[in-house]
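Let me begin by presenting the structure, written as structure tokens, before commenting on it.
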Amino acid sequence: QTKNEYYCMVWTVRVDTAPIRHFFILFVIITTVMLVTVIVAFAGPQKVESNVLSTWNCKDDNHTSWASDCTGVELSKGVWSPVYTIESRPLNRHWYCQIVPFSQSAEPFFQEVVVYTLVEAFHENKTKIVLENTTINSILSCPDGADMCEPFLLYQVPDNYYVDYGISIRIVDKNGSSIPQLGDVVVILSQDNAQFSVMAISLHFIYLVVTLTILCYHLLTLRNAVSFQNWTLEQRLLIALVCALILYDNPFFPLRFLITGWSVVFFGDFLELTFSVVLFTVWFLLLNKLQSPTNELDWEKLYLKPQLFLVFLYGLCTTILYAWTSFRDEESPLFGLSDHMSGIQTIFFISSALYVAMALTFCICLVFTIAITNQTRQDLRFRFYFFSIPTLIAIVSILVGLFSGTLGPFGRDTPSFVYFMSLYNLYVYVLLWGYWPIDFGIDAQNPTEGTKIFPDAVDFNH
């Protein structure tokens, strides 16, 4: 057979001949692993630990009315806050400070203010340098009267160059005068949890080792049975997906705790993005071949090229988003929450919209494929079900994570981090198991071994 004939043929794979009990065992294993990882995630450490500090420091946590038991300072008089310090170590190197003002006025008020921020850093020998000594013009927005106002200032340190940091603030009106309506100002110091960092490194390492082992076994076994140039499209796509999964598991993940600079953070986010791009590409190509009566990719179909172009746009837009945010945090870590964000927010919404568009497009194509496999490709309909069911589970999880703000590097907490890492790895393992070829004597099944779950999908013309 020619190279093209091999490329367009359909190998008999495990999903075509596997007994029912094999699928049951696979379901039990995958479900157990997911349950264990989710339980561990909820019982494990939080990704971020925060220290909430009040400039008033009232015993009853009063923020809107100064009382005799308050031992702090009143920033409404235009004075500086105390210096709040935070320790920074390799495993909890990233930290940020958020400023939350309160109003002690019964009426809503909005006022232009000037925020002075002093950020100092301390070396191991206790010598001190000034990192930031800046002013920001912003709007103090307190629409609910004597209550919490809108947070308006954030200082973010993506990398720790020093041992300890100190931050203090001063808030005055645009004329430099005090603000009588200003109540308490809460300073929230948050940083990575060192225990979470250890768990993340361990999880990356475990899945990386498992994926590399599976890839080596897959490549060596198939290579000994049939030359690479004669592999089918499914095998080529799955190998590409496993290689992308290795990037997602990120063998360079520990470097973000050892090397400073925005490029390390961006590189890790880009590897994760690469997996998403490859995953959607594989999905669209596999569906296209399932729909093709000749087992070839039908590039002339109206929707295949736009689908791949949509994936390309998503990858390009998200790359710009990750690079912009990483570089911004490095170059300008001090910014108001409502300031300098319009451009990033626009790209974020475009990226999210493209992600949703890809998922919806795939689901629509999936519906059309059901009719095709039931009418003209009945020999492949059970293989289609094996591919589509776990894929739909993954897509639903992705959409829920996207709309809940727990997908990607911006809003991920411990449960979502563990869940999506386990989901992606187990999903690829399941596809590899189901698409494992049993031709060429690689994994010949005993035809009398129990009841086949897909008995009418065994015979293919090679």
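Chains: A, B, ... in order of the structure tokens. Residues: from 1 per chain. Ligands: from 1, in order shown.
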
How close does stretch 77-127 of chain A get to stretch 135-142 of chain A? List, as a Markdown table, each residue of stretch 77-127 of chain A within 9 Å, its nearest atom pair and the distance in Å to one decimal, counting only C-alpha atoms.
```
| residue | atom | partner | partner_atom | distance |
| --- | --- | --- | --- | --- |
| A:Pro101 | CA | A:Leu140 | CA | 8.2 |
| A:Phe102 | CA | A:Cys142 | CA | 7.6 |
| A:Ser103 | CA | A:Cys142 | CA | 6.5 |
| A:Glu107 | CA | A:Cys142 | CA | 8.7 |
| A:Pro108 | CA | A:Cys142 | CA | 5.6 |
| A:Phe109 | CA | A:Cys142 | CA | 5.4 |
| A:Phe110 | CA | A:Ser141 | CA | 4.7 |
| A:Gln111 | CA | A:Leu140 | CA | 5.2 |
| A:Glu112 | CA | A:Ile139 | CA | 4.6 |
| A:Val113 | CA | A:Ser138 | CA | 5.5 |
| A:Val114 | CA | A:Asn137 | CA | 4.7 |
| A:Val115 | CA | A:Ile136 | CA | 5.2 |
| A:Tyr116 | CA | A:Thr135 | CA | 4.5 |
| A:Thr117 | CA | A:Thr135 | CA | 6.3 |
```

Produce a file of the selected residues containing all heavy atoms, as a compact mmCIF listing (two decimals), in the first residue's frame.
```txt
# COMPACT_ATOMS: atom_id res chain seq x y z
N PRO A 101 -10.96 51.34 50.64
CA PRO A 101 -11.39 52.43 51.53
C PRO A 101 -12.85 52.26 51.96
O PRO A 101 -13.64 51.59 51.31
CB PRO A 101 -11.23 53.68 50.66
CG PRO A 101 -11.43 53.17 49.27
CD PRO A 101 -10.95 51.76 49.23
N PHE A 102 -13.18 52.88 53.09
CA PHE A 102 -14.56 52.93 53.58
C PHE A 102 -14.98 54.39 53.73
O PHE A 102 -14.13 55.28 53.85
CB PHE A 102 -14.69 52.22 54.93
CG PHE A 102 -14.66 50.72 54.84
CD1 PHE A 102 -13.47 50.03 54.66
CD2 PHE A 102 -15.83 49.98 54.93
CE1 PHE A 102 -13.44 48.66 54.56
CE2 PHE A 102 -15.82 48.61 54.84
CZ PHE A 102 -14.62 47.94 54.66
N SER A 103 -16.27 54.59 53.73
CA SER A 103 -16.81 55.94 53.91
C SER A 103 -17.46 56.04 55.29
O SER A 103 -18.13 55.11 55.74
CB SER A 103 -17.84 56.26 52.83
OG SER A 103 -18.55 57.44 53.14
N GLU A 107 -24.09 59.90 53.40
CA GLU A 107 -24.51 60.17 52.04
C GLU A 107 -23.47 59.63 51.05
O GLU A 107 -22.27 59.65 51.33
CB GLU A 107 -24.69 61.68 51.82
CG GLU A 107 -25.73 62.30 52.73
CD GLU A 107 -27.13 61.78 52.44
OE1 GLU A 107 -27.39 61.43 51.28
OE2 GLU A 107 -27.94 61.72 53.39
N PRO A 108 -23.94 59.15 49.90
CA PRO A 108 -22.98 58.73 48.86
C PRO A 108 -22.12 59.91 48.43
O PRO A 108 -22.60 61.05 48.37
CB PRO A 108 -23.88 58.25 47.72
CG PRO A 108 -25.20 57.96 48.36
CD PRO A 108 -25.33 58.93 49.50
N PHE A 109 -20.87 59.65 48.13
CA PHE A 109 -20.03 60.72 47.63
C PHE A 109 -18.95 60.16 46.70
O PHE A 109 -18.53 59.01 46.81
CB PHE A 109 -19.41 61.52 48.79
CG PHE A 109 -18.18 60.92 49.39
CD1 PHE A 109 -16.91 61.32 49.00
CD2 PHE A 109 -18.29 59.93 50.37
CE1 PHE A 109 -15.79 60.76 49.56
CE2 PHE A 109 -17.17 59.38 50.93
CZ PHE A 109 -15.90 59.79 50.54
N PHE A 110 -18.54 61.03 45.78
CA PHE A 110 -17.51 60.70 44.80
C PHE A 110 -16.55 61.88 44.77
O PHE A 110 -16.97 63.02 44.63
CB PHE A 110 -18.13 60.47 43.42
CG PHE A 110 -19.22 59.44 43.40
CD1 PHE A 110 -20.53 59.80 43.68
CD2 PHE A 110 -18.94 58.11 43.14
CE1 PHE A 110 -21.55 58.87 43.67
CE2 PHE A 110 -19.96 57.16 43.13
CZ PHE A 110 -21.26 57.54 43.41
N GLN A 111 -15.27 61.57 44.89
CA GLN A 111 -14.31 62.67 45.00
C GLN A 111 -13.00 62.30 44.31
O GLN A 111 -12.53 61.15 44.39
CB GLN A 111 -14.05 63.00 46.47
CG GLN A 111 -13.15 64.21 46.67
CD GLN A 111 -13.16 64.67 48.12
OE1 GLN A 111 -13.98 64.22 48.92
NE2 GLN A 111 -12.26 65.57 48.46
N GLU A 112 -12.41 63.28 43.65
CA GLU A 112 -11.09 63.09 43.07
C GLU A 112 -10.06 63.10 44.19
O GLU A 112 -10.06 63.99 45.05
CB GLU A 112 -10.78 64.20 42.07
CG GLU A 112 -11.69 64.20 40.85
CD GLU A 112 -11.30 65.28 39.87
OE1 GLU A 112 -10.11 65.68 39.86
OE2 GLU A 112 -12.17 65.73 39.09
N VAL A 113 -9.19 62.09 44.17
CA VAL A 113 -8.20 61.97 45.23
C VAL A 113 -6.83 61.72 44.62
O VAL A 113 -6.70 61.36 43.45
CB VAL A 113 -8.55 60.82 46.20
CG1 VAL A 113 -9.85 61.08 46.92
CG2 VAL A 113 -8.60 59.48 45.46
N VAL A 114 -5.83 61.95 45.45
CA VAL A 114 -4.45 61.65 45.09
C VAL A 114 -3.93 60.63 46.10
O VAL A 114 -4.03 60.86 47.31
CB VAL A 114 -3.57 62.91 45.10
CG1 VAL A 114 -2.13 62.55 44.73
CG2 VAL A 114 -4.13 63.96 44.15
N VAL A 115 -3.44 59.52 45.60
CA VAL A 115 -2.95 58.45 46.45
C VAL A 115 -1.42 58.42 46.36
O VAL A 115 -0.86 58.22 45.27
CB VAL A 115 -3.54 57.08 46.04
CG1 VAL A 115 -3.06 56.00 47.01
CG2 VAL A 115 -5.06 57.13 46.01
N TYR A 116 -0.78 58.64 47.49
CA TYR A 116 0.68 58.53 47.58
C TYR A 116 1.02 57.11 48.05
O TYR A 116 0.47 56.63 49.04
CB TYR A 116 1.25 59.56 48.56
CG TYR A 116 1.05 61.00 48.14
CD1 TYR A 116 -0.12 61.68 48.45
CD2 TYR A 116 2.04 61.66 47.42
CE1 TYR A 116 -0.31 63.00 48.06
CE2 TYR A 116 1.86 62.99 47.03
CZ TYR A 116 0.69 63.65 47.36
OH TYR A 116 0.51 64.95 46.97
N THR A 117 1.93 56.49 47.35
CA THR A 117 2.31 55.12 47.68
C THR A 117 3.82 55.02 47.80
O THR A 117 4.56 55.42 46.89
CB THR A 117 1.81 54.13 46.60
OG1 THR A 117 0.40 54.30 46.42
CG2 THR A 117 2.09 52.71 47.02
```

A:Glu87: which residues within 12 Å, counting only C-alpha atoms, same-chain residues fewer than 5 positions away excluded, as a list of chain:residue names?
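Skipping anything fewer than 5 positions along the chain leaves A:Asn51, A:Asn92, A:Arg93, A:His94, A:Trp95, A:Tyr96, A:Ala121, A:Phe122, A:His123, A:Glu124, A:Asn160, A:Tyr161, A:Tyr162, A:Val163, A:Asp164, A:Tyr165, A:Gly166, A:Ile167, A:Leu189, A:Ser190, A:Gln191, A:Asp192, A:Asn193, A:Ala194.
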
Write to file, as a PDB file, in the first residue's frame, the residues of the selection just made, with N, CA and C atoms.
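Once written, out_10.pdb looks like this:
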```pdb
ATOM      1  N   ASN A  51      -3.548  38.635  54.367  1.00  0.00           N
ATOM      2  CA  ASN A  51      -3.496  39.287  55.669  1.00  0.00           C
ATOM      3  C   ASN A  51      -4.229  40.620  55.546  1.00  0.00           C
ATOM      4  N   ASN A  92       6.666  31.427  47.802  1.00  0.00           N
ATOM      5  CA  ASN A  92       5.517  32.341  47.844  1.00  0.00           C
ATOM      6  C   ASN A  92       5.955  33.719  47.351  1.00  0.00           C
ATOM      7  N   ARG A  93       6.629  33.709  46.236  1.00  0.00           N
ATOM      8  CA  ARG A  93       7.319  34.896  45.743  1.00  0.00           C
ATOM      9  C   ARG A  93       6.370  35.970  45.215  1.00  0.00           C
ATOM     10  N   HIS A  94       5.231  35.588  44.681  1.00  0.00           N
ATOM     11  CA  HIS A  94       4.333  36.572  44.098  1.00  0.00           C
ATOM     12  C   HIS A  94       3.363  37.108  45.152  1.00  0.00           C
ATOM     13  N   TRP A  95       3.289  38.415  45.280  1.00  0.00           N
ATOM     14  CA  TRP A  95       2.384  39.001  46.252  1.00  0.00           C
ATOM     15  C   TRP A  95       1.793  40.288  45.669  1.00  0.00           C
ATOM     16  N   TYR A  96       0.682  40.678  46.250  1.00  0.00           N
ATOM     17  CA  TYR A  96       0.065  41.928  45.833  1.00  0.00           C
ATOM     18  C   TYR A  96      -0.656  42.559  47.016  1.00  0.00           C
ATOM     19  N   ALA A 121      11.901  47.945  49.847  1.00  0.00           N
ATOM     20  CA  ALA A 121      12.369  46.557  49.828  1.00  0.00           C
ATOM     21  C   ALA A 121      13.576  46.429  50.731  1.00  0.00           C
ATOM     22  N   PHE A 122      13.710  45.252  51.336  1.00  0.00           N
ATOM     23  CA  PHE A 122      14.785  45.005  52.297  1.00  0.00           C
ATOM     24  C   PHE A 122      15.633  43.824  51.829  1.00  0.00           C
ATOM     25  N   HIS A 123      16.941  44.025  51.838  1.00  0.00           N
ATOM     26  CA  HIS A 123      17.869  42.940  51.527  1.00  0.00           C
ATOM     27  C   HIS A 123      18.022  42.027  52.746  1.00  0.00           C
ATOM     28  N   GLU A 124      18.755  40.929  52.549  1.00  0.00           N
ATOM     29  CA  GLU A 124      18.985  40.009  53.661  1.00  0.00           C
ATOM     30  C   GLU A 124      19.769  40.671  54.785  1.00  0.00           C
ATOM     31  N   ASN A 160      10.056  38.145  43.351  1.00  0.00           N
ATOM     32  CA  ASN A 160      10.683  38.687  44.552  1.00  0.00           C
ATOM     33  C   ASN A 160      12.185  38.804  44.340  1.00  0.00           C
ATOM     34  N   TYR A 161      12.631  40.024  44.298  1.00  0.00           N
ATOM     35  CA  TYR A 161      14.059  40.278  44.222  1.00  0.00           C
ATOM     36  C   TYR A 161      14.652  40.445  45.626  1.00  0.00           C
ATOM     37  N   TYR A 162      13.784  40.602  46.606  1.00  0.00           N
ATOM     38  CA  TYR A 162      14.252  40.933  47.943  1.00  0.00           C
ATOM     39  C   TYR A 162      13.598  40.019  48.974  1.00  0.00           C
ATOM     40  N   VAL A 163      14.037  40.160  50.221  1.00  0.00           N
ATOM     41  CA  VAL A 163      13.563  39.288  51.286  1.00  0.00           C
ATOM     42  C   VAL A 163      12.232  39.780  51.842  1.00  0.00           C
ATOM     43  N   ASP A 164      12.164  41.065  52.148  1.00  0.00           N
ATOM     44  CA  ASP A 164      10.955  41.647  52.727  1.00  0.00           C
ATOM     45  C   ASP A 164      10.589  42.917  51.976  1.00  0.00           C
ATOM     46  N   TYR A 165       9.293  43.235  52.060  1.00  0.00           N
ATOM     47  CA  TYR A 165       8.789  44.461  51.455  1.00  0.00           C
ATOM     48  C   TYR A 165       7.984  45.224  52.494  1.00  0.00           C
ATOM     49  N   GLY A 166       7.915  46.542  52.322  1.00  0.00           N
ATOM     50  CA  GLY A 166       7.068  47.384  53.154  1.00  0.00           C
ATOM     51  C   GLY A 166       6.288  48.342  52.286  1.00  0.00           C
ATOM     52  N   ILE A 167       5.030  48.578  52.644  1.00  0.00           N
ATOM     53  CA  ILE A 167       4.192  49.478  51.851  1.00  0.00           C
ATOM     54  C   ILE A 167       3.403  50.382  52.786  1.00  0.00           C
ATOM     55  N   LEU A 189      -2.925  42.349  52.112  1.00  0.00           N
ATOM     56  CA  LEU A 189      -1.673  41.817  51.587  1.00  0.00           C
ATOM     57  C   LEU A 189      -1.869  40.336  51.286  1.00  0.00           C
ATOM     58  N   SER A 190      -1.726  39.979  50.036  1.00  0.00           N
ATOM     59  CA  SER A 190      -1.942  38.592  49.605  1.00  0.00           C
ATOM     60  C   SER A 190      -0.697  38.081  48.898  1.00  0.00           C
ATOM     61  N   GLN A 191      -0.400  36.810  49.112  1.00  0.00           N
ATOM     62  CA  GLN A 191       0.742  36.199  48.439  1.00  0.00           C
ATOM     63  C   GLN A 191       0.485  34.711  48.225  1.00  0.00           C
ATOM     64  N   ASP A 192       1.282  34.130  47.336  1.00  0.00           N
ATOM     65  CA  ASP A 192       1.154  32.705  47.070  1.00  0.00           C
ATOM     66  C   ASP A 192       1.360  31.913  48.354  1.00  0.00           C
ATOM     67  N   ASN A 193       0.573  30.840  48.482  1.00  0.00           N
ATOM     68  CA  ASN A 193       0.726  29.924  49.612  1.00  0.00           C
ATOM     69  C   ASN A 193       1.849  28.949  49.290  1.00  0.00           C
ATOM     70  N   ALA A 194       2.854  28.873  50.156  1.00  0.00           N
ATOM     71  CA  ALA A 194       4.003  27.997  49.913  1.00  0.00           C
ATOM     72  C   ALA A 194       3.582  26.531  49.820  1.00  0.00           C
TER      73      ALA A 194
END
```

Shell of 8 Å around A:Ile188, only C-alpha atoms, local chain residues under 2 positions omitted, as a ChimeraX atom specification:
/A:50-53,97-100,186,190

Next, the residues of the selection above should be written as a tab-separated table (two decimals), in the first residue's frame with N, CA and C atoms.
```tsv
chain	number	residue	atom	x	y	z
A	50	SER	N	-4.01	35.53	52.64
A	50	SER	CA	-4.13	36.99	52.74
A	50	SER	C	-4.08	37.45	54.19
A	51	ASN	N	-3.55	38.64	54.37
A	51	ASN	CA	-3.50	39.29	55.67
A	51	ASN	C	-4.23	40.62	55.55
A	52	VAL	N	-5.37	40.73	56.24
A	52	VAL	CA	-6.21	41.92	56.15
A	52	VAL	C	-5.86	42.85	57.31
A	53	LEU	N	-5.41	44.06	56.99
A	53	LEU	CA	-4.94	45.02	57.98
A	53	LEU	C	-5.76	46.29	57.91
A	97	CYS	N	-0.87	43.86	46.89
A	97	CYS	CA	-1.51	44.64	47.94
A	97	CYS	C	-2.71	45.36	47.34
A	98	GLN	N	-3.86	45.20	47.99
A	98	GLN	CA	-5.08	45.87	47.54
A	98	GLN	C	-5.55	46.84	48.61
A	99	ILE	N	-5.98	48.03	48.18
A	99	ILE	CA	-6.43	49.07	49.09
A	99	ILE	C	-7.95	49.18	49.00
A	100	VAL	N	-8.63	49.02	50.14
A	100	VAL	CA	-10.10	49.08	50.17
A	100	VAL	C	-10.51	50.19	51.14
A	186	VAL	N	-8.64	49.71	54.51
A	186	VAL	CA	-8.16	48.35	54.76
A	186	VAL	C	-7.11	48.00	53.72
A	190	SER	N	-1.73	39.98	50.04
A	190	SER	CA	-1.94	38.59	49.60
A	190	SER	C	-0.70	38.08	48.90
```

If you count only C-alpha atoms, which residues fall within 10 Å of A:Ile347, apart from same-chain ones fewer than 2 positions away, as a tab-separated table (two decimals) with C-alpha atoms, in the first residue's frame?
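Heads up, here's the output in result_30.tsv:
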```tsv
chain	number	residue	atom	x	y	z
A	317	CYS	CA	-5.30	37.08	20.78
A	318	THR	CA	-4.60	35.15	23.97
A	320	ILE	CA	-1.06	39.06	23.19
A	321	LEU	CA	-3.18	39.10	26.36
A	322	TYR	CA	-0.74	36.96	28.37
A	324	TRP	CA	0.69	42.26	27.83
A	342	SER	CA	-9.48	49.13	29.20
A	343	GLY	CA	-7.09	47.68	26.62
A	344	ILE	CA	-6.43	44.52	28.58
A	345	GLN	CA	-10.11	44.07	29.35
A	349	PHE	CA	-13.29	39.73	26.38
A	350	ILE	CA	-12.29	39.07	22.75
A	351	SER	CA	-10.25	36.04	23.81
A	352	SER	CA	-13.12	34.72	25.94
A	353	ALA	CA	-15.59	35.27	23.10
```

Could you give me the residues within stretch 156-197 of chain A that DSSP places in helix (DSSP H, G or I), as a list in words?
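Checking each residue of stretch 156-197 of chain A, the helix (DSSP H, G or I) ones are Ala194, Gln195, Phe196 and Ser197 of chain A.
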
Preceding selection exported with C-alpha atoms as a CSV table (one decimal), in the first residue's frame:
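Okay, this is what ended up in part-v5.csv:
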```csv
chain,number,residue,atom,x,y,z
A,194,ALA,CA,4.0,28.0,49.9
A,195,GLN,CA,2.1,24.7,50.6
A,196,PHE,CA,0.1,25.2,47.4
A,197,SER,CA,3.3,25.8,45.5
```

Skip A:Phe266 itself and residues of its chain fewer than 5 positions away, then list as a list in words all residues within 9 Å of it, counting only C-alpha atoms.
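So, after excluding close chain neighbours, the residues are Leu271, Thr319, Tyr322, Ala323, Thr325, Ser326 and Phe327 of chain A.
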
Can those selected residues be exported to a file as an mmCIF file, in the first residue's frame so that it contains C-alpha atoms?
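Output contents, as saved in out22.cif:
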```
data_model
loop_
_atom_site.group_PDB
_atom_site.id
_atom_site.type_symbol
_atom_site.label_atom_id
_atom_site.label_comp_id
_atom_site.auth_asym_id
_atom_site.auth_seq_id
_atom_site.Cartn_x
_atom_site.Cartn_y
_atom_site.Cartn_z
ATOM 1 C CA LEU A 271 2.688 26.504 27.049
ATOM 2 C CA THR A 319 -0.856 35.270 23.379
ATOM 3 C CA TYR A 322 -0.735 36.964 28.366
ATOM 4 C CA ALA A 323 2.301 38.885 27.129
ATOM 5 C CA THR A 325 -0.401 41.425 31.377
ATOM 6 C CA SER A 326 2.941 39.797 32.280
ATOM 7 C CA PHE A 327 4.952 42.724 30.916
#
```
